[in-house]
Amino acid sequence: MASMHQFRSFTLAAALGTAASAALLAGIAHAEDLRVGTQMKLMTLDPHYADLNENNSLLSHIYERLVNQDEQLNPQPGLAASWKRVSETTWEFKLREGVTFHDGSAFTAEDVVYSIERIRDFLKPPSGGFQSYTQAIKAVTAPDPMTVVIETSESAPTLPLSLTSIFIMKDRADGFAKTEALNADSTPVGTGPYKFNGWQSGEVLTLTRNDAYWGGTPAWDNVVFRVIESPAARVAALTTGDVDVADYIPARDVAGLQQKGKKVESTAAARSNFLQFDIGRENAPSVTDLAGKAIANPFRDKRVRQALTMATDRPFIADRILLGYGTAAAQLFPAGLAGTSEKLTVSPPDYEQAKALLAEAGYPDGFRVVLAGPGGRYPGDSESLQSVAQNWARIGVKVQPIVAPFSVFATKRSKGEYPVWYGGCSGEAVTFCLGALLGTANDDAGTGSLNYGKYSNPAFDQLLAEAMDMDDGLERNAAIAQATEAVLADYPVIPLYHFHLIVGHGDKVGDYAVHPRGWTTAMQASPATK
């Protein structure tokens, strides 16, 4: 049901209701214009302010990056035509010739220096959301107008991948631009395929075609993004023809849209939704025997984690709860993306073997446990908890599902109030989720930020560190896959599914290439042939 399209000539930069202002929408009506109903809110015009899918997706029309990512998340040339590693700590990037900013000025290496230094030295958290990508950069220089040299403080073999997250702004003689000024009284000037026309924060963004774009003439004369937060309202807007494209369509609405003549495209998201165990503590909250008496944390035993994994019917969730717009998960990113393993596959539930493992671990009668998760944040989240509860009951584990608004759930999860819970992770590469979710918490190494279960596996940490120290390529991808296979053999989490990103469109759009990072852009939409 999912489709994977060839990446367009306008390669996407890395990643993402209320009524739009009539004034901003005026004149956006003829056949070469594109109207998009999106759930993504553009809250700032500062491309370096916050590393959010919403901002990255929409601002990628205006700004570009040195390095892009293809559909398998591999680095591809962007504003940098090529790059090479000169030494252990030095990279050289050759810039693309003939690129101009929207005001007609030439793009040069000084713009790259300005952008990196603005993130690294000027913006501070929380506004410095991109600083993690520049932490390893010791110095950035421009030996000539079309060459950038980046020196790192230590070996940084994946620097090009980090640069897929950094937009390039125009160098300013008056110093680093303040976020407030960019939002208040300036017109963003980038090198992208579309020029800024107008916006209302969190409501609407309008764009005009950049006829001087280095990648060729963009497909649409004008583009308007309307923020429509409600999925039902987005579906309705597409159905009535108020928008030409609507993103994040619920699976339940696909059949109805198709019956009304609308087209639907989808692909598996570069992410995983999973169950995570409290492994670090000897006593976990809300775990008892069947009589209600507190017991020691059963999830510290690998056999228990394996038994629960074997008893979880992941294909049912993907096929029935997500209506086929999901892929049962055996790892953190969909198979086929960079760094994933072809050896990890999903098996049907084996309840008898799962019960035998529980008995071997000392729980022949099972136990009681709370299973927590958010409601309505991800496709199939609360319904998945109910399905898992029914699965685990078949091996004697009595589950009390608890569903809460995400803010409430996240707060309690951080406080350690749950023994096992539903979570999600996405990123520019699978290594981010591997390190954040399964790596031992280590601020210096930058691992463990999502490791709420306090899992620690030094052998995996070493394998991942070795893979991360390798240059991008097939050998590195194989090493990442090997590290994934090793850690998931310990069952620290249960990958559940990769939900599919679903986009609907009307007759004006001939095709829409859904990208696994979940961006919504005009560059992904091809006009219908006449």
# chains A, B, ... in the order shown; residues from 1 in each chain; ligands from 1

call {"tool": "closest_atom_pairs", "arguments": {"of": "range 52-144 of chain A", "to": "range 455-479 of chain A", "cutoff": "12 Å", "atoms": "only C-alpha atoms", "output": "Markdown table"}}
result
| residue | atom | partner | partner_atom | distance |
| --- | --- | --- | --- | --- |
| A:Gln72 | CA | A:Asn477 | CA | 11.4 |
| A:Leu73 | CA | A:Asp472 | CA | 11.4 |
| A:Asn74 | CA | A:Asp472 | CA | 8.4 |
| A:Pro75 | CA | A:Asp472 | CA | 8.5 |
| A:Gln76 | CA | A:Asp472 | CA | 11.4 |
| A:Lys84 | CA | A:Asp471 | CA | 10.6 |
| A:Arg85 | CA | A:Asp471 | CA | 9.1 |
| A:Ser87 | CA | A:Asp471 | CA | 12.0 |
| A:Glu88 | CA | A:Asp471 | CA | 10.5 |
| A:Thr89 | CA | A:Asp469 | CA | 11.8 |
| A:Trp91 | CA | A:Asp471 | CA | 11.9 |

call {"tool": "write_last_selection", "arguments": {"atoms": "all heavy atoms", "output": "compact mmCIF listing (two decimals), in the first residue's frame"}}
result
# COMPACT_ATOMS: atom_id res chain seq x y z
N GLN A 72 16.44 7.18 1.09
CA GLN A 72 17.03 6.22 2.04
C GLN A 72 17.82 6.93 3.12
O GLN A 72 18.51 6.29 3.90
CB GLN A 72 17.94 5.23 1.29
CG GLN A 72 17.18 4.16 0.50
CD GLN A 72 16.50 4.74 -0.73
OE1 GLN A 72 17.10 5.47 -1.51
NE2 GLN A 72 15.22 4.42 -0.90
N LEU A 73 17.74 8.27 3.16
CA LEU A 73 18.38 9.14 4.15
C LEU A 73 19.89 9.22 3.97
O LEU A 73 20.61 9.64 4.88
CB LEU A 73 18.04 8.71 5.58
CG LEU A 73 16.54 8.55 5.90
CD1 LEU A 73 16.34 8.25 7.37
CD2 LEU A 73 15.77 9.80 5.49
N ASN A 74 20.38 8.87 2.79
CA ASN A 74 21.80 9.01 2.50
C ASN A 74 22.12 10.45 2.09
O ASN A 74 21.32 11.10 1.42
CB ASN A 74 22.21 8.07 1.36
CG ASN A 74 22.08 6.61 1.74
OD1 ASN A 74 22.64 6.17 2.74
ND2 ASN A 74 21.31 5.86 0.96
N PRO A 75 23.31 10.97 2.47
CA PRO A 75 23.69 12.34 2.09
C PRO A 75 23.80 12.49 0.58
O PRO A 75 24.32 11.61 -0.11
CB PRO A 75 25.04 12.54 2.78
CG PRO A 75 25.07 11.53 3.88
CD PRO A 75 24.31 10.34 3.35
N GLN A 76 23.31 13.63 0.06
CA GLN A 76 23.36 13.94 -1.36
C GLN A 76 23.77 15.40 -1.53
O GLN A 76 23.52 16.23 -0.65
CB GLN A 76 22.00 13.70 -2.02
CG GLN A 76 21.51 12.27 -1.96
CD GLN A 76 22.33 11.34 -2.80
OE1 GLN A 76 22.75 11.71 -3.90
NE2 GLN A 76 22.58 10.13 -2.32
N LYS A 84 34.99 16.28 0.64
CA LYS A 84 35.95 15.22 0.91
C LYS A 84 36.57 15.44 2.28
O LYS A 84 36.65 16.57 2.77
CB LYS A 84 37.04 15.17 -0.16
CG LYS A 84 37.92 16.40 -0.24
CD LYS A 84 38.96 16.25 -1.34
CE LYS A 84 39.85 17.48 -1.45
NZ LYS A 84 40.86 17.36 -2.53
N ARG A 85 37.00 14.35 2.87
CA ARG A 85 37.67 14.39 4.16
C ARG A 85 39.17 14.52 3.92
O ARG A 85 39.81 13.59 3.43
CB ARG A 85 37.34 13.12 4.95
CG ARG A 85 37.58 13.24 6.44
CD ARG A 85 37.14 11.97 7.13
NE ARG A 85 37.27 12.08 8.58
CZ ARG A 85 37.04 11.07 9.41
NH1 ARG A 85 36.64 9.90 8.93
NH2 ARG A 85 37.19 11.24 10.70
N SER A 87 41.58 15.27 6.25
CA SER A 87 42.33 14.61 7.32
C SER A 87 41.34 14.11 8.36
O SER A 87 40.11 14.24 8.18
CB SER A 87 43.34 15.58 7.96
OG SER A 87 42.66 16.55 8.75
N GLU A 88 41.85 13.57 9.45
CA GLU A 88 40.99 13.04 10.50
C GLU A 88 40.03 14.08 11.03
O GLU A 88 38.90 13.78 11.41
CB GLU A 88 41.86 12.49 11.65
CG GLU A 88 41.10 11.71 12.71
CD GLU A 88 40.70 10.31 12.25
OE1 GLU A 88 41.09 9.90 11.13
OE2 GLU A 88 39.98 9.64 13.01
N THR A 89 40.46 15.35 11.02
CA THR A 89 39.64 16.41 11.63
C THR A 89 39.35 17.56 10.66
O THR A 89 38.95 18.65 11.08
CB THR A 89 40.34 16.98 12.87
OG1 THR A 89 41.64 17.47 12.50
CG2 THR A 89 40.47 15.92 13.95
N TRP A 91 37.48 18.74 6.86
CA TRP A 91 36.64 18.47 5.69
C TRP A 91 36.70 19.68 4.75
O TRP A 91 36.76 20.82 5.19
CB TRP A 91 35.18 18.27 6.11
CG TRP A 91 34.90 16.95 6.76
CD1 TRP A 91 35.08 16.62 8.07
CD2 TRP A 91 34.37 15.79 6.13
NE1 TRP A 91 34.69 15.33 8.30
CE2 TRP A 91 34.25 14.79 7.12
CE3 TRP A 91 33.98 15.48 4.83
CZ2 TRP A 91 33.75 13.52 6.85
CZ3 TRP A 91 33.48 14.22 4.55
CH2 TRP A 91 33.38 13.25 5.55

call {"tool": "select_by_dssp", "arguments": {"residues": "range 268-412 of chain A", "states": "strand (DSSP E or B)", "output": "JSON, numbers by chain"}}
result
{"A": [268, 271, 272, 273, 274, 275, 276, 277, 287, 288, 294, 326, 327, 328, 367, 368, 369, 370, 371, 372, 373, 374, 397, 398, 399, 400, 401, 402, 403, 404]}

call {"tool": "closest_residue", "arguments": {"among": "A:Trp421, A:Phe107, A:Tyr325, A:Trp214", "to": "Asp253 in chain A", "atoms": "only C-alpha atoms"}}
result
A:Tyr325

call {"tool": "residues_around", "arguments": {"residues": "range 209-213 of chain A", "least_positions_apart": "5", "cutoff": "6 Å", "atoms": "only C-alpha atoms", "output": "count of residues only"}}
result
5

call {"tool": "select_by_dssp", "arguments": {"residues": "range 327-513 of chain A", "states": "alpha helix (DSSP H)", "output": "ChimeraX atom specification"}}
result
/A:351-360,381-393,406-414,430-433,458-468,474-488

call {"tool": "closest_atom_pairs", "arguments": {"of": "range 429-455 of chain A", "to": "range 330-353 of chain A", "cutoff": "9 Å", "atoms": "only C-alpha atoms", "output": "CSV"}}
result
residue,atom,partner,partner_atom,distance
A:Ala429,CA,A:Ala338,CA,7.5
A:Val430,CA,A:Phe333,CA,6.1
A:Thr431,CA,A:Gly339,CA,7.6
A:Cys433,CA,A:Leu332,CA,7.1
A:Leu434,CA,A:Leu332,CA,7.5

call {"tool": "residues_around", "arguments": {"residues": "range 241-247 of chain A", "least_positions_apart": "4", "cutoff": "10 Å", "atoms": "only C-alpha atoms", "output": "ChimeraX atom specification"}}
result
/A:16,33-40,224-226,228,231,233-237,262-265,501-509,512,514,518-522,525

call {"tool": "atom_distance", "arguments": {"atom1": "CA of Arg303 in chain A", "atom2": "CA of Ala361 in chain A"}}
result
6.1 Å

call {"tool": "closest_residue", "arguments": {"among": "A:Gly129, A:Phe93, A:Leu161, A:Thr529", "to": "Pro145 in chain A", "atoms": "only C-alpha atoms"}}
result
A:Phe93

call {"tool": "decode", "arguments": {"residues": "range 498-509 of chain A", "atoms": "N, CA and C atoms", "output": "PDB file, in the first residue's frame"}}
result
ATOM      1  N   HIS A 498       5.953   0.986  12.121  1.00  0.00           N
ATOM      2  CA  HIS A 498       6.292   2.230  11.443  1.00  0.00           C
ATOM      3  C   HIS A 498       4.993   2.698  10.782  1.00  0.00           C
ATOM      4  N   PHE A 499       4.381   3.733  11.336  1.00  0.00           N
ATOM      5  CA  PHE A 499       3.142   4.181  10.690  1.00  0.00           C
ATOM      6  C   PHE A 499       3.473   4.852   9.361  1.00  0.00           C
ATOM      7  N   HIS A 500       2.509   4.831   8.464  1.00  0.00           N
ATOM      8  CA  HIS A 500       2.715   5.391   7.143  1.00  0.00           C
ATOM      9  C   HIS A 500       2.266   6.845   7.111  1.00  0.00           C
ATOM     10  N   LEU A 501       3.050   7.653   6.432  1.00  0.00           N
ATOM     11  CA  LEU A 501       2.685   9.040   6.173  1.00  0.00           C
ATOM     12  C   LEU A 501       1.758   9.046   4.966  1.00  0.00           C
ATOM     13  N   ILE A 502       0.582   9.598   5.132  1.00  0.00           N
ATOM     14  CA  ILE A 502      -0.433   9.558   4.084  1.00  0.00           C
ATOM     15  C   ILE A 502      -0.759  10.981   3.635  1.00  0.00           C
ATOM     16  N   VAL A 503      -0.672  11.209   2.352  1.00  0.00           N
ATOM     17  CA  VAL A 503      -0.969  12.512   1.763  1.00  0.00           C
ATOM     18  C   VAL A 503      -2.015  12.324   0.676  1.00  0.00           C
ATOM     19  N   GLY A 504      -3.031  13.172   0.678  1.00  0.00           N
ATOM     20  CA  GLY A 504      -4.055  13.133  -0.356  1.00  0.00           C
ATOM     21  C   GLY A 504      -3.938  14.340  -1.271  1.00  0.00           C
ATOM     22  N   HIS A 505      -4.360  14.180  -2.524  1.00  0.00           N
ATOM     23  CA  HIS A 505      -4.310  15.317  -3.441  1.00  0.00           C
ATOM     24  C   HIS A 505      -5.413  15.214  -4.481  1.00  0.00           C
ATOM     25  N   GLY A 506      -5.744  16.364  -5.044  1.00  0.00           N
ATOM     26  CA  GLY A 506      -6.770  16.442  -6.065  1.00  0.00           C
ATOM     27  C   GLY A 506      -6.199  16.345  -7.469  1.00  0.00           C
ATOM     28  N   ASP A 507      -7.039  16.655  -8.467  1.00  0.00           N
ATOM     29  CA  ASP A 507      -6.675  16.450  -9.864  1.00  0.00           C
ATOM     30  C   ASP A 507      -5.567  17.378 -10.346  1.00  0.00           C
ATOM     31  N   LYS A 508      -5.413  18.531  -9.713  1.00  0.00           N
ATOM     32  CA  LYS A 508      -4.383  19.473 -10.153  1.00  0.00           C
ATOM     33  C   LYS A 508      -2.985  18.890  -9.987  1.00  0.00           C
ATOM     34  N   VAL A 509      -2.834  18.002  -9.002  1.00  0.00           N
ATOM     35  CA  VAL A 509      -1.546  17.377  -8.712  1.00  0.00           C
ATOM     36  C   VAL A 509      -1.517  15.987  -9.347  1.00  0.00           C
TER      37      VAL A 509
END
